[in-house]
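As stored in upload22.tsv (TSV, C-alpha atoms):
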```
chain	number	residue	atom	x	y	z
A	348	MET	CA	0.00	0.00	0.00
A	349	LYS	CA	1.40	3.38	-1.04
A	350	LYS	CA	2.19	5.67	1.87
A	351	ARG	CA	0.30	8.98	1.80
A	352	GLU	CA	2.41	11.95	0.72
A	353	LYS	CA	3.05	14.76	3.22
A	354	LYS	CA	2.92	18.19	1.63
A	355	VAL	CA	4.68	21.08	3.38
A	356	VAL	CA	4.04	24.68	2.31
A	357	LEU	CA	6.36	27.41	3.56
A	358	ILE	CA	4.46	30.72	3.59
A	359	ALA	CA	6.34	34.00	3.30
A	360	PRO	CA	4.45	37.33	3.27
A	361	THR	CA	6.31	40.01	1.31
A	362	TYR	CA	6.18	43.76	0.89
A	363	ASN	CA	8.98	45.55	-0.95
A	364	GLU	CA	11.33	42.55	-0.78
A	365	ALA	CA	12.66	42.81	-4.36
A	366	GLU	CA	16.25	42.84	-3.08
A	367	ASN	CA	15.74	39.70	-0.99
A	368	VAL	CA	13.10	37.50	-2.60
A	369	GLU	CA	15.15	35.79	-5.34
A	370	LYS	CA	17.93	34.81	-2.93
A	371	PHE	CA	15.34	33.75	-0.35
A	372	ILE	CA	13.58	31.40	-2.78
A	373	LYS	CA	16.80	29.74	-3.93
A	374	VAL	CA	18.21	29.34	-0.42
A	375	VAL	CA	15.02	27.89	1.02
A	376	PHE	CA	14.51	25.38	-1.80
A	377	ASN	CA	18.09	24.23	-1.27
A	378	SER	CA	17.42	23.92	2.47
A	379	PHE	CA	14.45	21.58	2.14
A	380	PRO	CA	15.43	18.02	3.07
A	381	VAL	CA	15.21	15.17	0.59
A	382	LYS	CA	12.65	13.00	2.35
A	383	LYS	CA	10.64	10.13	0.89
A	384	ASN	CA	6.90	10.86	0.63
A	385	TRP	CA	7.43	14.49	1.65
A	386	ASN	CA	6.83	17.29	-0.87
A	387	PHE	CA	7.97	20.88	-0.23
A	388	HIS	CA	6.54	24.13	-1.61
A	389	ILE	CA	6.98	27.89	-1.11
A	390	LEU	CA	3.97	30.20	-1.16
A	391	ILE	CA	4.64	33.94	-1.43
A	392	VAL	CA	1.83	36.25	-0.28
A	393	ASP	CA	2.71	39.67	-1.65
A	394	GLY	CA	0.98	42.87	-0.51
A	395	ASN	CA	1.08	44.44	-4.01
A	396	SER	CA	4.63	45.71	-3.46
A	397	PRO	CA	5.43	48.84	-5.49
A	398	ASP	CA	9.01	47.55	-6.02
A	399	ASN	CA	7.65	44.68	-8.20
A	400	THR	CA	8.48	41.86	-5.79
A	401	ALA	CA	5.61	39.83	-7.33
A	402	ASP	CA	7.07	40.15	-10.86
A	403	ILE	CA	10.35	38.65	-9.69
A	404	VAL	CA	8.46	35.72	-8.16
A	405	ARG	CA	6.42	35.16	-11.35
A	406	LYS	CA	9.58	35.00	-13.46
A	407	MET	CA	11.02	32.32	-11.18
A	408	ILE	CA	7.99	30.01	-11.23
A	409	PRO	CA	8.94	28.23	-14.52
A	410	ASP	CA	12.27	27.21	-12.93
A	411	PHE	CA	10.67	26.35	-9.59
A	412	PRO	CA	7.37	24.49	-10.19
A	413	ASN	CA	6.77	24.23	-6.43
A	414	LEU	CA	6.79	28.02	-6.10
A	415	HIS	CA	3.39	29.73	-5.78
A	416	LEU	CA	2.18	33.33	-5.54
A	417	ILE	CA	-0.84	35.05	-4.02
A	418	LEU	CA	-1.02	38.75	-4.93
A	419	GLU	CA	-3.13	40.92	-2.64
A	420	LYS	CA	-4.86	44.00	-4.07
A	421	GLU	CA	-3.26	46.03	-1.31
A	422	LYS	CA	-1.12	45.47	1.77
A	423	THR	CA	-3.40	44.12	4.50
A	424	GLY	CA	-0.92	43.31	7.26
A	425	LEU	CA	1.12	40.34	8.40
A	426	GLY	CA	-1.69	38.46	10.16
A	427	THR	CA	-4.12	38.73	7.24
A	428	ALA	CA	-1.40	37.70	4.78
A	429	TYR	CA	-0.57	34.59	6.82
A	430	LEU	CA	-4.23	33.70	7.20
A	431	LYS	CA	-4.83	33.98	3.44
A	432	GLY	CA	-1.75	31.87	2.83
A	433	MET	CA	-2.79	29.20	5.32
A	434	ASP	CA	-6.33	28.99	3.98
A	435	TYR	CA	-4.98	28.59	0.45
A	436	ALA	CA	-2.28	26.10	1.46
A	437	PHE	CA	-4.59	23.82	3.43
A	438	ASP	CA	-7.76	24.13	1.32
A	439	GLN	CA	-6.42	24.50	-2.23
A	440	MET	CA	-2.97	22.94	-2.09
A	441	ARG	CA	-4.00	20.16	0.35
A	442	ALA	CA	-1.01	20.83	2.60
A	443	SER	CA	-0.32	18.67	5.65
A	444	TYR	CA	1.79	21.34	7.35
A	445	VAL	CA	2.64	25.01	6.84
A	446	PHE	CA	5.65	27.05	7.90
A	447	GLN	CA	5.73	30.73	8.77
A	448	PHE	CA	8.95	32.27	7.51
A	449	ASP	CA	10.41	35.74	6.89
A	450	ALA	CA	11.31	36.44	3.26
A	451	ASP	CA	14.33	38.52	4.32
A	452	LEU	CA	16.18	35.37	5.57
A	453	GLN	CA	16.31	36.56	9.17
A	454	HIS	CA	15.12	33.05	10.06
A	455	ASP	CA	17.72	30.31	9.71
A	456	PRO	CA	16.71	28.06	6.77
A	457	LEU	CA	19.09	25.32	7.93
A	458	LYS	CA	16.75	24.70	10.88
A	459	ILE	CA	13.93	23.64	8.53
A	460	ARG	CA	15.25	20.05	8.64
A	461	ASP	CA	14.97	20.04	12.44
A	462	PHE	CA	11.40	21.28	12.17
A	463	ILE	CA	10.55	18.48	9.72
A	464	THR	CA	12.07	15.89	12.05
A	465	LEU	CA	9.78	17.02	14.89
A	466	LEU	CA	6.72	17.24	12.64
A	467	SER	CA	7.35	13.72	11.35
A	468	LYS	CA	7.27	12.50	14.98
A	469	GLY	CA	3.68	13.70	15.35
A	470	ASN	CA	4.11	17.21	16.78
A	471	ASP	CA	1.39	19.64	15.67
A	472	ILE	CA	3.21	22.87	16.47
A	473	VAL	CA	6.94	23.58	16.36
A	474	ILE	CA	8.25	27.04	17.25
A	475	GLY	CA	11.62	28.59	16.51
A	476	THR	CA	12.92	30.37	19.59
A	477	ARG	CA	15.62	32.96	20.09
A	478	TYR	CA	15.50	32.61	23.86
A	479	ARG	CA	16.65	29.08	24.64
A	480	LYS	CA	20.23	27.82	24.73
A	481	GLY	CA	21.52	27.80	21.17
A	482	GLY	CA	19.29	30.68	20.08
A	483	GLY	CA	20.07	34.36	19.90
A	484	ILE	CA	19.34	37.85	18.59
A	485	PRO	CA	21.58	40.17	16.54
A	486	GLU	CA	24.43	41.82	18.44
A	487	GLU	CA	23.80	44.94	16.34
A	488	TRP	CA	20.45	45.54	18.00
A	489	THR	CA	20.34	48.50	20.35
A	490	PHE	CA	19.97	47.93	24.09
A	491	VAL	CA	16.40	49.27	23.90
A	492	ARG	CA	15.39	46.84	21.15
A	493	LYS	CA	16.96	43.90	22.99
A	494	PHE	CA	15.24	44.92	26.20
A	495	LEU	CA	11.84	45.30	24.53
A	496	SER	CA	12.13	41.95	22.78
A	497	ARG	CA	13.32	39.94	25.79
A	498	GLY	CA	11.16	41.84	28.26
A	499	GLY	CA	8.06	41.58	26.09
A	500	ASN	CA	8.40	37.82	25.74
A	501	LEU	CA	9.11	37.37	29.45
A	502	PHE	CA	6.08	39.51	30.29
A	503	THR	CA	3.91	37.37	28.01
A	504	ARG	CA	5.16	34.14	29.62
A	505	ILE	CA	4.32	35.48	33.08
A	506	VAL	CA	0.89	36.85	32.17
A	507	PHE	CA	-0.14	33.68	30.28
A	508	MET	CA	1.57	31.48	32.90
A	509	GLN	CA	3.11	29.33	30.17
A	510	LYS	CA	6.70	28.26	30.77
A	511	ASN	CA	7.09	25.95	27.77
A	512	ILE	CA	6.93	28.80	25.21
A	513	THR	CA	9.89	31.18	25.44
A	514	ASP	CA	9.40	33.16	22.22
A	515	TRP	CA	5.80	34.32	21.81
A	516	THR	CA	6.59	36.86	19.08
A	517	SER	CA	8.62	34.46	16.96
A	518	GLY	CA	7.48	34.38	13.33
A	519	TYR	CA	9.36	31.13	12.66
A	520	SER	CA	7.03	28.20	13.24
A	521	ALA	CA	5.28	25.22	11.68
A	522	ILE	CA	1.80	23.85	12.35
A	523	SER	CA	-0.35	20.94	11.21
A	524	LYS	CA	-3.62	21.14	9.30
A	525	LYS	CA	-5.44	19.62	12.27
A	526	LEU	CA	-4.24	22.37	14.61
A	527	PHE	CA	-5.05	25.14	12.13
A	528	LYS	CA	-8.62	23.93	11.64
A	529	ASP	CA	-9.06	23.82	15.43
A	530	ILE	CA	-7.92	27.42	15.99
A	531	ARG	CA	-8.71	29.12	12.65
A	532	ASN	CA	-11.53	31.31	13.98
A	533	GLU	CA	-9.62	32.40	17.08
A	534	LEU	CA	-6.64	34.00	15.36
A	535	SER	CA	-6.06	37.75	15.57
A	536	VAL	CA	-5.24	39.42	12.26
A	537	GLU	CA	-4.30	42.79	13.77
A	538	ARG	CA	-1.08	44.21	12.46
A	539	GLY	CA	2.16	43.30	14.19
A	540	TYR	CA	2.91	40.44	16.55
A	541	ASN	CA	-0.68	39.69	17.58
A	542	PHE	CA	-1.13	36.96	14.97
A	543	GLN	CA	1.91	35.07	16.25
A	544	ILE	CA	0.83	35.38	19.87
A	545	SER	CA	-2.78	34.43	19.20
A	546	LEU	CA	-1.73	31.36	17.21
A	547	LYS	CA	0.39	30.03	20.06
A	548	LYS	CA	-2.13	30.95	22.76
A	549	SER	CA	-5.03	29.37	20.87
A	550	ALA	CA	-3.02	26.19	20.32
A	551	VAL	CA	-2.23	25.93	24.04
A	552	ASN	CA	-5.87	26.63	24.95
A	553	LYS	CA	-6.92	23.71	22.74
A	554	GLY	CA	-4.54	21.38	24.56
A	555	TYR	CA	-1.72	21.23	21.99
A	556	ILE	CA	1.82	20.96	23.36
A	557	PRO	CA	4.34	23.20	21.54
A	558	VAL	CA	7.96	22.17	21.10
A	559	GLU	CA	10.73	24.68	20.44
A	560	ILE	CA	13.87	24.73	18.31
A	561	PRO	CA	16.55	27.34	19.14
A	562	TYR	CA	17.83	29.46	16.26
A	563	VAL	CA	19.85	32.63	15.88
A	564	PHE	CA	17.83	35.50	14.45
A	565	LYS	CA	19.86	37.42	11.85
A	566	GLU	CA	19.77	41.06	10.91
A	567	ARG	CA	18.41	41.53	7.38
A	568	ASP	CA	20.88	42.24	4.56
A	569	TYR	CA	18.59	44.54	2.56
A	570	GLY	CA	15.57	46.72	3.28
A	571	THR	CA	14.12	47.78	6.60
A	572	SER	CA	11.96	46.05	9.18
A	573	LYS	CA	8.21	46.62	8.87
A	574	LEU	CA	7.66	46.18	12.62
A	575	GLY	CA	8.57	49.01	15.01
A	576	PRO	CA	8.36	49.32	18.82
A	577	GLU	CA	4.73	50.47	18.59
A	578	TYR	CA	3.76	46.97	17.43
A	579	LEU	CA	5.31	45.47	20.55
A	580	PHE	CA	3.30	47.76	22.82
A	581	ARG	CA	0.18	46.87	20.86
A	582	ALA	CA	1.04	43.21	21.38
A	583	LEU	CA	1.46	43.71	25.14
A	584	TYR	CA	-1.98	45.34	25.26
A	585	TYR	CA	-3.35	42.31	23.40
A	586	VAL	CA	-1.68	39.96	25.91
A	587	VAL	CA	-3.20	41.75	28.92
A	588	THR	CA	-6.71	42.00	27.45
A	589	THR	CA	-6.61	38.37	26.30
A	590	ARG	CA	-5.59	37.22	29.77
A	591	LEU	CA	-8.37	39.27	31.37
A	592	LYS	CA	-10.88	37.67	29.00
A	593	ASP	CA	-9.50	34.24	29.96
A	594	ILE	CA	-9.96	34.99	33.64
A	595	MET	CA	-13.46	36.43	33.20
A	596	SER	CA	-14.60	33.46	31.12
A	597	SER	CA	-13.03	30.87	33.44
A	598	TYR	CA	-15.20	28.51	35.47
A	599	PHE	CA	-13.57	29.68	38.71
A	600	PHE	CA	-14.31	33.36	38.06
A	601	ARG	CA	-17.94	32.57	37.20
A	602	VAL	CA	-18.35	30.43	40.32
A	603	ALA	CA	-16.96	33.34	42.37
A	604	ILE	CA	-19.48	35.75	40.78
A	605	VAL	CA	-22.34	33.35	41.49
A	606	GLY	CA	-21.09	32.91	45.08
A	607	SER	CA	-21.11	36.68	45.57
A	608	ILE	CA	-24.68	36.91	44.32
A	609	GLY	CA	-25.62	34.01	46.59
A	610	ALA	CA	-24.08	35.75	49.62
A	611	SER	CA	-26.06	38.91	48.83
A	612	ILE	CA	-29.29	36.94	48.51
A	613	GLN	CA	-28.60	35.14	51.79
A	614	THR	CA	-27.95	38.41	53.63
A	615	LEU	CA	-30.99	40.20	52.21
A	616	SER	CA	-33.39	37.26	52.70
A	617	PHE	CA	-32.19	36.75	56.28
A	618	TYR	CA	-33.01	40.40	56.99
A	619	VAL	CA	-36.49	39.98	55.48
A	620	PHE	CA	-37.26	36.74	57.36
A	621	TYR	CA	-35.79	37.77	60.70
A	622	SER	CA	-36.34	41.52	60.95
A	623	ILE	CA	-39.48	42.10	58.89
A	624	LEU	CA	-41.42	38.82	59.08
A	625	GLU	CA	-40.07	38.15	62.60
A	626	ILE	CA	-39.39	34.46	61.96
A	627	SER	CA	-37.12	32.75	64.48
A	628	HIS	CA	-33.35	33.22	64.12
A	629	LEU	CA	-32.62	29.56	63.28
A	630	ALA	CA	-35.49	29.28	60.79
A	631	SER	CA	-34.49	32.57	59.12
A	632	LEU	CA	-30.90	31.40	58.88
A	633	LEU	CA	-31.82	28.02	57.34
A	634	LEU	CA	-34.32	29.53	54.90
A	635	SER	CA	-31.86	32.21	53.73
A	636	ILE	CA	-29.10	29.62	53.28
A	637	GLU	CA	-31.40	27.40	51.23
A	638	LEU	CA	-32.47	30.32	49.03
A	639	ALA	CA	-28.78	31.10	48.38
A	640	ILE	CA	-28.12	27.42	47.56
A	641	VAL	CA	-31.06	27.33	45.11
A	642	ASN	CA	-29.73	30.52	43.48
A	643	ASN	CA	-26.18	29.19	43.30
A	644	PHE	CA	-27.20	25.87	41.79
A	645	THR	CA	-29.44	27.54	39.20
A	646	LEU	CA	-26.88	30.15	38.15
A	647	ASN	CA	-23.96	27.71	38.13
A	648	ASN	CA	-25.98	25.28	36.01
A	649	ASN	CA	-27.08	27.95	33.52
A	650	PHE	CA	-24.09	30.32	33.63
A	651	SER	CA	-20.88	29.01	35.18
A	652	PHE	CA	-21.14	25.52	33.67
A	653	LYS	CA	-23.62	26.17	30.87
A	654	ASN	CA	-21.61	23.97	28.48
A	655	HIS	CA	-22.16	21.09	30.93
A	656	LYS	CA	-25.70	21.96	31.91
A	657	ILE	CA	-27.55	19.30	33.91
A	658	GLY	CA	-31.09	18.66	32.69
A	659	ALA	CA	-33.83	16.37	33.97
A	660	GLU	CA	-32.45	13.52	31.89
A	661	LYS	CA	-29.06	13.88	33.59
A	662	GLY	CA	-30.39	13.68	37.14
A	663	LEU	CA	-31.22	17.30	37.95
A	664	ILE	CA	-32.89	16.56	41.32
A	665	LYS	CA	-30.17	14.11	42.38
A	666	ASN	CA	-27.42	16.62	41.59
A	667	PHE	CA	-29.31	19.44	43.30
A	668	LEU	CA	-29.45	17.40	46.52
A	669	LYS	CA	-25.75	16.61	46.13
A	670	PHE	CA	-25.12	20.34	45.65
A	671	ASN	CA	-26.90	21.04	48.96
A	672	LEU	CA	-24.70	18.53	50.74
A	673	LEU	CA	-21.48	19.93	49.23
A	674	SER	CA	-22.52	23.47	50.18
A	675	CYS	CA	-22.66	22.32	53.78
A	676	GLY	CA	-19.02	21.29	53.36
A	677	SER	CA	-18.07	24.84	52.38
A	678	ILE	CA	-19.94	26.23	55.39
A	679	THR	CA	-18.09	23.76	57.61
A	680	VAL	CA	-14.74	24.90	56.21
A	681	GLN	CA	-15.58	28.53	56.96
A	682	PHE	CA	-16.76	27.64	60.48
A	683	LEU	CA	-13.55	25.71	61.24
A	684	VAL	CA	-11.29	28.46	59.89
A	685	ASN	CA	-13.03	31.11	61.98
A	686	SER	CA	-13.27	29.01	65.16
A	687	LEU	CA	-9.67	27.76	65.10
A	688	GLY	CA	-8.37	31.15	64.03
A	689	VAL	CA	-10.06	32.97	66.90
A	690	PHE	CA	-8.90	30.29	69.34
A	691	VAL	CA	-5.25	30.66	68.24
A	692	LEU	CA	-5.03	34.36	67.33
A	693	GLY	CA	-7.61	35.99	69.54
A	694	LYS	CA	-10.78	37.94	68.82
A	695	SER	CA	-9.53	41.35	67.73
A	696	ASP	CA	-11.41	43.05	64.87
A	697	ILE	CA	-8.56	42.66	62.38
A	698	VAL	CA	-8.26	38.93	63.17
A	699	VAL	CA	-12.01	38.29	62.94
A	700	TYR	CA	-12.46	40.08	59.61
A	701	SER	CA	-9.29	38.56	58.16
A	702	LEU	CA	-10.55	35.10	59.11
A	703	VAL	CA	-13.91	35.80	57.48
A	704	ILE	CA	-12.16	36.70	54.21
A	705	ILE	CA	-9.85	33.67	54.40
A	706	GLY	CA	-12.83	31.44	55.16
A	707	ILE	CA	-14.76	32.76	52.17
A	708	ILE	CA	-11.78	32.18	49.85
A	709	LEU	CA	-11.19	28.64	51.14
A	710	GLY	CA	-14.92	27.94	50.95
A	711	LEU	CA	-14.95	29.13	47.33
A	712	ILE	CA	-11.98	26.90	46.46
A	713	THR	CA	-13.64	23.95	48.22
A	714	ASN	CA	-16.91	24.53	46.36
A	715	TYR	CA	-15.16	24.88	43.01
A	716	TYR	CA	-13.16	21.69	43.56
A	717	PHE	CA	-16.22	19.59	44.35
A	718	TYR	CA	-18.49	21.24	41.75
A	719	THR	CA	-16.07	20.44	38.93
A	720	ARG	CA	-15.46	16.87	40.04
A	721	LEU	CA	-18.68	15.63	41.57
A	722	ILE	CA	-21.50	17.62	39.95
A	723	TRP	CA	-20.58	19.12	36.57
A	724	LYS	CA	-17.52	16.88	36.21
A	725	ILE	CA	-15.25	19.14	34.16
A	726	ARG	CA	-12.38	17.24	32.58
A	727	LYS	CA	-8.96	18.86	32.45
A	728	LYS	CA	-7.52	19.38	29.00
```
For the structure just supplied, provide its representation as structure tokens.
Amino acid sequence: MKKREKKVVLIAPTYNEAENVEKFIKVVFNSFPVKKNWNFHILIVDGNSPDNTADIVRKMIPDFPNLHLILEKEKTGLGTAYLKGMDYAFDQMRASYVFQFDADLQHDPLKIRDFITLLSKGNDIVIGTRYRKGGGIPEEWTFVRKFLSRGGNLFTRIVFMQKNITDWTSGYSAISKKLFKDIRNELSVERGYNFQISLKKSAVNKGYIPVEIPYVFKERDYGTSKLGPEYLFRALYYVVTTRLKDIMSSYFFRVAIVGSIGASIQTLSFYVFYSILEISHLASLLLSIELAIVNNFTLNNNFSFKNHKIGAEKGLIKNFLKFNLLSCGSITVQFLVNSLGVFVLGKSDIVVYSLVIIGIILGLITNYYFYTRLIWKIRKK
């Protein structure tokens, strides 16, 4: 049985790269490995360069049948160019993998073979990094540019809490068709580094595990860089806002919001039962707690865990009773924290209120742990 061919398409967006593009095409084709059942192509996506970059590419196609060109009507930006290239490569060319690569040869073409080795082992995303041992940035860069590049990537690692990606703004990477189809609609096509960051972040969010290859980033021989410091600051803004969206859409954050609403309902209903309706203290307390529990279960089922909503067919009543029982566990945690804390530390105002806050936080964590494992049963990616 004939083994299925793997097609790799290296995508290079260009704008005013007439001085670089011919050399780039020849060098990259010579850098592709000779590998059985693997077929290598280059796809240029040109932003209608006024220096006639596209004409140079067209003239080379007869000598390089695996060279392809997409000509945009106007320059639309790096992210849009890559997205057009990827759509074309995967949908029209039937590619198995695509590379992102700079047409000015700042990326080391000799590393392509290492990328292919990792892809052939089943990896869906391989990233070239300047910030692991064996990688590097140009010595000619100013201190400010070095600081912004290193600092920006470190900042992104900290904010996203991802230690296995060291170079978030790297434009040297390779991904599989499977990964691209999974994240296609989540990619940012804003100008600058946002496309690179969103691709990596979306892949991680979907459970893919990136692997990195160190390389030394070179200064370009001809032309000028299209990306200035303002793009880095725009990228940092994107990182912060993306992380905030992650937090606000997380199960834990939603459970905390629901818990706050529940606490407000419990306090208000207790006041109504005890002070206005003059029901006994114990009865008012139990009724207000149960109202809060009903609220919390309803909102968690329809808001916090709406993708795992429990209906009648999934044992709604049974899980509601279980929810009641688990809520008692949270109350017990808060009671123990406050009782033991006062016993050990005393009953000063600062101690009492600090213990209340600590108890609420621990109760929230306890609730979240049991909700996600025993009621809505959220599986980790």
Neighbour list for segment 681-698 of chain A as a PyMOL selection string, cut-off 12 Å, all atoms listed in the file, skip fewer than 2 positions in-chain: chain A and resi 674-679+700-714
Could you turn the residues from that selection into a file that holds C-alpha atoms, as a PDB file, in the frame of the given file?
```
ATOM      1  CA  SER A 674     -22.520  23.470  50.180  1.00  0.00           C
ATOM      2  CA  CYS A 675     -22.660  22.320  53.780  1.00  0.00           C
ATOM      3  CA  GLY A 676     -19.020  21.290  53.360  1.00  0.00           C
ATOM      4  CA  SER A 677     -18.070  24.840  52.380  1.00  0.00           C
ATOM      5  CA  ILE A 678     -19.940  26.230  55.390  1.00  0.00           C
ATOM      6  CA  THR A 679     -18.090  23.760  57.610  1.00  0.00           C
ATOM      7  CA  TYR A 700     -12.460  40.080  59.610  1.00  0.00           C
ATOM      8  CA  SER A 701      -9.290  38.560  58.160  1.00  0.00           C
ATOM      9  CA  LEU A 702     -10.550  35.100  59.110  1.00  0.00           C
ATOM     10  CA  VAL A 703     -13.910  35.800  57.480  1.00  0.00           C
ATOM     11  CA  ILE A 704     -12.160  36.700  54.210  1.00  0.00           C
ATOM     12  CA  ILE A 705      -9.850  33.670  54.400  1.00  0.00           C
ATOM     13  CA  GLY A 706     -12.830  31.440  55.160  1.00  0.00           C
ATOM     14  CA  ILE A 707     -14.760  32.760  52.170  1.00  0.00           C
ATOM     15  CA  ILE A 708     -11.780  32.180  49.850  1.00  0.00           C
ATOM     16  CA  LEU A 709     -11.190  28.640  51.140  1.00  0.00           C
ATOM     17  CA  GLY A 710     -14.920  27.940  50.950  1.00  0.00           C
ATOM     18  CA  LEU A 711     -14.950  29.130  47.330  1.00  0.00           C
ATOM     19  CA  ILE A 712     -11.980  26.900  46.460  1.00  0.00           C
ATOM     20  CA  THR A 713     -13.640  23.950  48.220  1.00  0.00           C
ATOM     21  CA  ASN A 714     -16.910  24.530  46.360  1.00  0.00           C
TER      22      ASN A 714
END
```
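Of the listed residues A:Asp593, A:Glu421, A:Glu637, A:Asp393, the one whose atoms come nearest to Val506 of chain A is A:Asp593, with distances taken using all atoms listed in the file.
Within 12 Å of segment 620-622 of chain A there are Ile612, Gln613, Thr614, Leu615, Ser616, Phe617, Glu625, Ile626, Ser627, His628, Leu629, Ala630, Ser631, Leu632, Leu633, Leu634, Ser635, Ile636 and Leu638 of chain A, counting only C-alpha atoms and ignoring same-chain residues fewer than 3 positions away.
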Spatial neighbours of Thr476 of chain A, 10 Å, all atoms listed in the file, chain gap at least 5 places, as a PyMOL selection string: chain A and resi 481-484+512-520+558-564
Contacts of segment 488-501 of chain A at 12 Å (only C-alpha atoms; same-chain gap of 6+ positions) as a ChimeraX atom specification: /A:476-479,507-517,540,543-544,564-567,574-587
Export C-alpha atoms of the chosen residues as an mmCIF file, in the frame of the given file?
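again_32.cif, freshly written:
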```
data_model
loop_
_atom_site.group_PDB
_atom_site.id
_atom_site.type_symbol
_atom_site.label_atom_id
_atom_site.label_comp_id
_atom_site.auth_asym_id
_atom_site.auth_seq_id
_atom_site.Cartn_x
_atom_site.Cartn_y
_atom_site.Cartn_z
ATOM 1 C CA THR A 476 12.920 30.370 19.590
ATOM 2 C CA ARG A 477 15.620 32.960 20.090
ATOM 3 C CA TYR A 478 15.500 32.610 23.860
ATOM 4 C CA ARG A 479 16.650 29.080 24.640
ATOM 5 C CA PHE A 507 -0.140 33.680 30.280
ATOM 6 C CA MET A 508 1.570 31.480 32.900
ATOM 7 C CA GLN A 509 3.110 29.330 30.170
ATOM 8 C CA LYS A 510 6.700 28.260 30.770
ATOM 9 C CA ASN A 511 7.090 25.950 27.770
ATOM 10 C CA ILE A 512 6.930 28.800 25.210
ATOM 11 C CA THR A 513 9.890 31.180 25.440
ATOM 12 C CA ASP A 514 9.400 33.160 22.220
ATOM 13 C CA TRP A 515 5.800 34.320 21.810
ATOM 14 C CA THR A 516 6.590 36.860 19.080
ATOM 15 C CA SER A 517 8.620 34.460 16.960
ATOM 16 C CA TYR A 540 2.910 40.440 16.550
ATOM 17 C CA GLN A 543 1.910 35.070 16.250
ATOM 18 C CA ILE A 544 0.830 35.380 19.870
ATOM 19 C CA PHE A 564 17.830 35.500 14.450
ATOM 20 C CA LYS A 565 19.860 37.420 11.850
ATOM 21 C CA GLU A 566 19.770 41.060 10.910
ATOM 22 C CA ARG A 567 18.410 41.530 7.380
ATOM 23 C CA LEU A 574 7.660 46.180 12.620
ATOM 24 C CA GLY A 575 8.570 49.010 15.010
ATOM 25 C CA PRO A 576 8.360 49.320 18.820
ATOM 26 C CA GLU A 577 4.730 50.470 18.590
ATOM 27 C CA TYR A 578 3.760 46.970 17.430
ATOM 28 C CA LEU A 579 5.310 45.470 20.550
ATOM 29 C CA PHE A 580 3.300 47.760 22.820
ATOM 30 C CA ARG A 581 0.180 46.870 20.860
ATOM 31 C CA ALA A 582 1.040 43.210 21.380
ATOM 32 C CA LEU A 583 1.460 43.710 25.140
ATOM 33 C CA TYR A 584 -1.980 45.340 25.260
ATOM 34 C CA TYR A 585 -3.350 42.310 23.400
ATOM 35 C CA VAL A 586 -1.680 39.960 25.910
ATOM 36 C CA VAL A 587 -3.200 41.750 28.920
#
```
